[in-house]
Amino acid sequence: MTEFFVVAGQDFAGKSSALARLRGDPRHWQVISTDSAFLGARHQLVSDLRRGVGEVLPRLGSAYTPEFLAALLQTAVVHLRDELDRADPERPVIVDSYYYKIIAKCRLAGLSGNPMFDWWRSFPQPRRVVLVEVSAESAWRRCAAGTRLNSLEHYGDRPSRDGFERYQRDLLKLMLQEIGDCPMTVVEEQPTPDSTARAIREALADELR
């Protein structure tokens with residue numbers, strides 16, 4: 001499998017915007033993500049399933065179980081792995097969050113253990129993880145004071161700043177557990193997507209020489 005890197009971070013850390021810049025970089029990064037902006041027409045089903053998660057979340061615990069949610073999210077994890085298998089070995093590859101964030105969110109949804117998690121953890125590991133930091137103040141501003149949040153981004157029935165900040169702290173803690181001993185570089189919060197992309201490039205410069 002092609003060597004790859006992972007860019008991770010809490011919700012609203014600005015990863016997607018930075019990755020969009022990297023995709024247009026002269027180095028021609030290959031960006032693998034389940035965000036619709038990075039999926040072509042041949043992967044429309046991945047976008048549809050991602051939207052399906054939005055239908056599950058309001059009914060989690062009533063119409064749907066955490067196990068059902070994890071099964072739905074597994075499609076995203078397998079898609080990332082499959083795209084890594086298909087990646088061009090001559091070009092650098094960055095994966096958006098990999099399985100680290102998905103397992104962390106499943107655990108926060110009440111699914112502490114699942115056989116699927118062990119399978120995901122057996123997938124190839126990146127050469128390095130770049131963790132993009134974001135302050136609580138910036139993340140709250142970027143989510144429009146909670147109006148852009150879904151149920152997998154905060155605690156409580158309704159978004160609140162306290163519920164959001166506590167969830168994000170716990171999310172970061174569990175993501176770091178999943179990243180484990182993988183080499184990691186922390187990128188401090190940047191003022192713009194362009195500067196975040198530049199900081200990610202600098203964090204990986206030595207690896208790509």
# chains A, B, ... in the order shown; residues from 1 in each chain; ligands from 1

call {"tool": "closest_atom_pairs", "arguments": {"of": "range 66-104 of chain A", "to": "range 114-121 of chain A", "cutoff": "8 Å", "atoms": "only C-alpha atoms", "output": "Markdown table"}}
result
| residue | atom | partner | partner_atom | distance |
| --- | --- | --- | --- | --- |
| A:Gln74 | CA | A:Met116 | CA | 7.8 |
| A:Val77 | CA | A:Trp120 | CA | 7.4 |
| A:Tyr99 | CA | A:Trp120 | CA | 6.8 |
| A:Ile103 | CA | A:Phe117 | CA | 6.9 |

call {"tool": "residues_around", "arguments": {"residues": "range 140-155 of chain A", "least_positions_apart": "5", "cutoff": "12 Å", "atoms": "only C-alpha atoms", "output": "tab-separated table (two decimals) with N, CA, C and O atoms, in the first residue's frame"}}
result
chain	number	residue	atom	x	y	z
A	10	GLN	N	-10.18	18.31	15.90
A	10	GLN	CA	-11.54	18.37	16.42
A	10	GLN	C	-12.47	18.96	15.36
A	10	GLN	O	-12.04	19.44	14.31
A	11	ASP	N	-13.76	18.92	15.64
A	11	ASP	CA	-14.73	19.52	14.73
A	11	ASP	C	-14.47	21.01	14.59
A	11	ASP	O	-14.15	21.70	15.57
A	12	PHE	N	-14.58	21.50	13.36
A	12	PHE	CA	-14.40	22.92	13.03
A	12	PHE	C	-12.97	23.40	13.25
A	12	PHE	O	-12.72	24.58	13.50
A	13	ALA	N	-12.02	22.45	13.13
A	13	ALA	CA	-10.61	22.84	13.21
A	13	ALA	C	-10.12	23.45	11.90
A	13	ALA	O	-9.04	24.03	11.85
A	14	GLY	N	-10.89	23.29	10.84
A	14	GLY	CA	-10.50	23.87	9.55
A	14	GLY	C	-9.76	22.90	8.64
A	14	GLY	O	-9.12	23.31	7.67
A	51	ARG	N	-24.98	11.38	4.18
A	51	ARG	CA	-26.20	12.11	4.49
A	51	ARG	C	-27.13	11.24	5.32
A	51	ARG	O	-27.89	11.75	6.16
A	53	VAL	N	-26.31	9.36	7.69
A	53	VAL	CA	-25.92	9.51	9.10
A	53	VAL	C	-26.72	10.65	9.73
A	53	VAL	O	-27.16	10.57	10.88
A	54	GLY	N	-26.95	11.71	8.96
A	54	GLY	CA	-27.73	12.83	9.47
A	54	GLY	C	-29.16	12.47	9.79
A	54	GLY	O	-29.79	13.07	10.65
A	55	GLU	N	-29.69	11.45	9.10
A	55	GLU	CA	-31.04	10.98	9.39
A	55	GLU	C	-31.07	10.08	10.63
A	55	GLU	O	-32.06	10.03	11.36
A	56	VAL	N	-29.96	9.39	10.87
A	56	VAL	CA	-29.89	8.49	12.02
A	56	VAL	C	-29.73	9.27	13.33
A	56	VAL	O	-30.34	8.93	14.35
A	57	LEU	N	-28.92	10.31	13.30
A	57	LEU	CA	-28.54	10.99	14.54
A	57	LEU	C	-29.73	11.48	15.38
A	57	LEU	O	-29.75	11.26	16.60
A	58	PRO	N	-30.75	12.12	14.78
A	58	PRO	CA	-31.86	12.58	15.62
A	58	PRO	C	-32.65	11.46	16.28
A	58	PRO	O	-33.37	11.69	17.25
A	59	ARG	N	-32.52	10.24	15.73
A	59	ARG	CA	-33.28	9.10	16.24
A	59	ARG	C	-32.39	8.07	16.94
A	59	ARG	O	-32.82	6.95	17.20
A	60	LEU	N	-31.15	8.47	17.22
A	60	LEU	CA	-30.23	7.57	17.90
A	60	LEU	C	-30.72	7.32	19.32
A	60	LEU	O	-30.97	8.25	20.08
A	61	GLY	N	-30.86	6.05	19.66
A	61	GLY	CA	-31.36	5.69	20.98
A	61	GLY	C	-32.84	5.38	20.99
A	61	GLY	O	-33.35	4.81	21.95
A	66	PRO	N	-26.63	2.61	18.69
A	66	PRO	CA	-25.24	2.97	18.39
A	66	PRO	C	-24.58	1.96	17.46
A	66	PRO	O	-23.74	2.32	16.64
A	69	LEU	N	-25.42	2.83	13.96
A	69	LEU	CA	-24.63	3.98	13.55
A	69	LEU	C	-23.22	3.56	13.17
A	69	LEU	O	-22.69	3.99	12.14
A	101	LYS	N	-11.05	9.40	14.17
A	101	LYS	CA	-12.15	10.25	14.62
A	101	LYS	C	-13.47	9.49	14.64
A	101	LYS	O	-14.31	9.72	15.51
A	102	ILE	N	-13.65	8.57	13.69
A	102	ILE	CA	-14.90	7.83	13.64
A	102	ILE	C	-15.04	6.92	14.85
A	102	ILE	O	-16.11	6.85	15.48
A	103	ILE	N	-13.97	6.22	15.22
A	103	ILE	CA	-14.04	5.39	16.42
A	103	ILE	C	-14.30	6.26	17.65
A	103	ILE	O	-15.12	5.91	18.51
A	104	ALA	N	-13.63	7.39	17.73
A	104	ALA	CA	-13.82	8.28	18.88
A	104	ALA	C	-15.28	8.71	18.99
A	104	ALA	O	-15.86	8.72	20.09
A	105	LYS	N	-15.90	9.03	17.86
A	105	LYS	CA	-17.29	9.48	17.91
A	105	LYS	C	-18.24	8.33	18.24
A	105	LYS	O	-19.23	8.52	18.94
A	106	CYS	N	-17.94	7.14	17.75
A	106	CYS	CA	-18.75	5.98	18.12
A	106	CYS	C	-18.67	5.73	19.62
A	106	CYS	O	-19.69	5.43	20.27
A	107	ARG	N	-17.49	5.85	20.18
A	107	ARG	CA	-17.33	5.64	21.62
A	107	ARG	C	-18.10	6.69	22.41
A	107	ARG	O	-18.73	6.40	23.42
A	108	LEU	N	-18.07	7.92	21.94
A	108	LEU	CA	-18.81	8.99	22.62
A	108	LEU	C	-20.32	8.80	22.47
A	108	LEU	O	-21.09	9.31	23.29
A	109	ALA	N	-20.74	8.07	21.43
A	109	ALA	CA	-22.16	7.80	21.23
A	109	ALA	C	-22.64	6.62	22.08
A	109	ALA	O	-23.81	6.28	22.05
A	110	GLY	N	-21.71	6.02	22.84
A	110	GLY	CA	-22.09	4.95	23.77
A	110	GLY	C	-21.66	3.57	23.36
A	110	GLY	O	-22.00	2.59	24.03
A	134	VAL	N	-7.42	23.82	17.34
A	134	VAL	CA	-8.37	24.93	17.25
A	134	VAL	C	-8.79	25.29	18.67
A	134	VAL	O	-8.98	24.41	19.51
A	135	SER	N	-8.91	26.57	18.94
A	135	SER	CA	-9.35	27.00	20.26
A	135	SER	C	-10.85	26.82	20.40
A	135	SER	O	-11.58	26.77	19.40
A	160	SER	N	-25.23	23.59	23.05
A	160	SER	CA	-24.88	24.68	23.96
A	160	SER	C	-23.36	24.79	23.94
A	160	SER	O	-22.66	23.82	23.61
A	161	ARG	N	-22.85	25.92	24.31
A	161	ARG	CA	-21.40	26.08	24.28
A	161	ARG	C	-20.72	25.11	25.24
A	161	ARG	O	-19.70	24.51	24.91
A	162	ASP	N	-21.29	24.96	26.43
A	162	ASP	CA	-20.70	24.04	27.40
A	162	ASP	C	-20.71	22.60	26.87
A	162	ASP	O	-19.70	21.89	26.96
A	163	GLY	N	-21.85	22.17	26.33
A	163	GLY	CA	-21.95	20.82	25.80
A	163	GLY	C	-21.01	20.59	24.63
A	163	GLY	O	-20.45	19.51	24.46
A	164	PHE	N	-20.84	21.62	23.80
A	164	PHE	CA	-19.94	21.54	22.66
A	164	PHE	C	-18.49	21.43	23.12
A	164	PHE	O	-17.74	20.56	22.67
A	165	GLU	N	-18.09	22.30	24.03
A	165	GLU	CA	-16.70	22.32	24.48
A	165	GLU	C	-16.33	21.04	25.22
A	165	GLU	O	-15.24	20.49	25.03
A	166	ARG	N	-17.24	20.52	26.05
A	166	ARG	CA	-16.95	19.28	26.77
A	166	ARG	C	-16.82	18.11	25.80
A	166	ARG	O	-15.94	17.25	25.94
A	167	TYR	N	-17.72	18.06	24.81
A	167	TYR	CA	-17.66	17.00	23.81
A	167	TYR	C	-16.35	17.06	23.04
A	167	TYR	O	-15.70	16.02	22.81
A	168	GLN	N	-15.96	18.25	22.62
A	168	GLN	CA	-14.73	18.38	21.83
A	168	GLN	C	-13.50	18.01	22.64
A	168	GLN	O	-12.54	17.42	22.09
A	169	ARG	N	-13.48	18.31	23.92
A	169	ARG	CA	-12.35	17.90	24.76
A	169	ARG	C	-12.27	16.37	24.83
A	169	ARG	O	-11.19	15.78	24.71
A	170	ASP	N	-13.42	15.73	25.02
A	170	ASP	CA	-13.44	14.28	25.09
A	170	ASP	C	-13.10	13.65	23.73
A	170	ASP	O	-12.43	12.61	23.67
A	171	LEU	N	-13.57	14.28	22.66
A	171	LEU	CA	-13.27	13.80	21.33
A	171	LEU	C	-11.76	13.80	21.08
A	171	LEU	O	-11.20	12.81	20.57
A	172	LEU	N	-11.11	14.88	21.45
A	172	LEU	CA	-9.67	14.98	21.26
A	172	LEU	C	-8.94	13.90	22.07
A	172	LEU	O	-8.02	13.24	21.58

call {"tool": "select_by_dssp", "arguments": {"residues": "range 100-197 of chain A", "states": "helix (DSSP H, G or I)", "output": "VMD selection string"}}
result
chain A and resid 100 to 108 115 to 121 136 to 142 161 to 179 193 to 197

call {"tool": "closest_residue", "arguments": {"among": "A:Glu189, A:Glu67, A:Asp181, A:Asp157", "to": "Gln125 in chain A", "atoms": "only C-alpha atoms"}}
result
A:Asp181

call {"tool": "residues_around", "arguments": {"residues": "Ile94 in chain A", "least_positions_apart": "5", "cutoff": "9 Å", "atoms": "only C-alpha atoms", "output": "PyMOL selection string"}}
result
chain A and resi 4-7+19+29-33

call {"tool": "write_last_selection", "arguments": {"atoms": "N, CA, C and O atoms", "output": "mmCIF file, in the first residue's frame"}}
result
data_model
loop_
_atom_site.group_PDB
_atom_site.id
_atom_site.type_symbol
_atom_site.label_atom_id
_atom_site.label_comp_id
_atom_site.auth_asym_id
_atom_site.auth_seq_id
_atom_site.Cartn_x
_atom_site.Cartn_y
_atom_site.Cartn_z
ATOM 1 N N PHE A 4 1.226 6.977 3.410
ATOM 2 C CA PHE A 4 0.279 8.083 3.488
ATOM 3 C C PHE A 4 0.420 8.813 4.810
ATOM 4 O O PHE A 4 1.070 8.336 5.747
ATOM 5 N N PHE A 5 -0.216 9.969 4.863
ATOM 6 C CA PHE A 5 -0.262 10.802 6.057
ATOM 7 C C PHE A 5 -1.725 11.034 6.421
ATOM 8 O O PHE A 5 -2.609 10.908 5.575
ATOM 9 N N VAL A 6 -1.959 11.376 7.660
ATOM 10 C CA VAL A 6 -3.316 11.675 8.123
ATOM 11 C C VAL A 6 -3.329 13.086 8.707
ATOM 12 O O VAL A 6 -2.420 13.474 9.456
ATOM 13 N N VAL A 7 -4.358 13.840 8.356
ATOM 14 C CA VAL A 7 -4.611 15.131 8.994
ATOM 15 C C VAL A 7 -5.858 14.964 9.860
ATOM 16 O O VAL A 7 -6.904 14.532 9.379
ATOM 17 N N LEU A 19 -7.348 21.103 3.438
ATOM 18 C CA LEU A 19 -7.123 19.997 2.510
ATOM 19 C C LEU A 19 -7.518 20.386 1.084
ATOM 20 O O LEU A 19 -6.902 19.932 0.116
ATOM 21 N N TRP A 29 -1.016 16.854 -4.293
ATOM 22 C CA TRP A 29 -1.392 15.932 -3.233
ATOM 23 C C TRP A 29 -2.644 15.148 -3.632
ATOM 24 O O TRP A 29 -3.569 15.683 -4.238
ATOM 25 N N GLN A 30 -2.680 13.903 -3.241
ATOM 26 C CA GLN A 30 -3.901 13.110 -3.328
ATOM 27 C C GLN A 30 -4.594 13.203 -1.976
ATOM 28 O O GLN A 30 -4.040 12.797 -0.962
ATOM 29 N N VAL A 31 -5.785 13.776 -1.956
ATOM 30 C CA VAL A 31 -6.542 13.941 -0.718
ATOM 31 C C VAL A 31 -7.672 12.916 -0.713
ATOM 32 O O VAL A 31 -8.507 12.898 -1.616
ATOM 33 N N ILE A 32 -7.687 12.071 0.293
ATOM 34 C CA ILE A 32 -8.713 11.043 0.435
ATOM 35 C C ILE A 32 -9.607 11.420 1.604
ATOM 36 O O ILE A 32 -9.139 11.569 2.732
ATOM 37 N N SER A 33 -10.881 11.582 1.330
ATOM 38 C CA SER A 33 -11.819 12.048 2.341
ATOM 39 C C SER A 33 -13.221 11.559 1.979
ATOM 40 O O SER A 33 -13.495 11.229 0.821
#

call {"tool": "residues_around", "arguments": {"residues": "Leu204 in chain A", "least_positions_apart": "4", "cutoff": "9 Å", "atoms": "only C-alpha atoms", "output": "VMD selection string"}}
result
chain A and resid 5 128 130 185 199 to 200 208

call {"tool": "residues_around", "arguments": {"residues": "Thr192 in chain A", "least_positions_apart": "3", "cutoff": "10 Å", "atoms": "only C-alpha atoms", "output": "VMD selection string"}}
result
chain A and resid 14 17 to 18 189 195 to 198
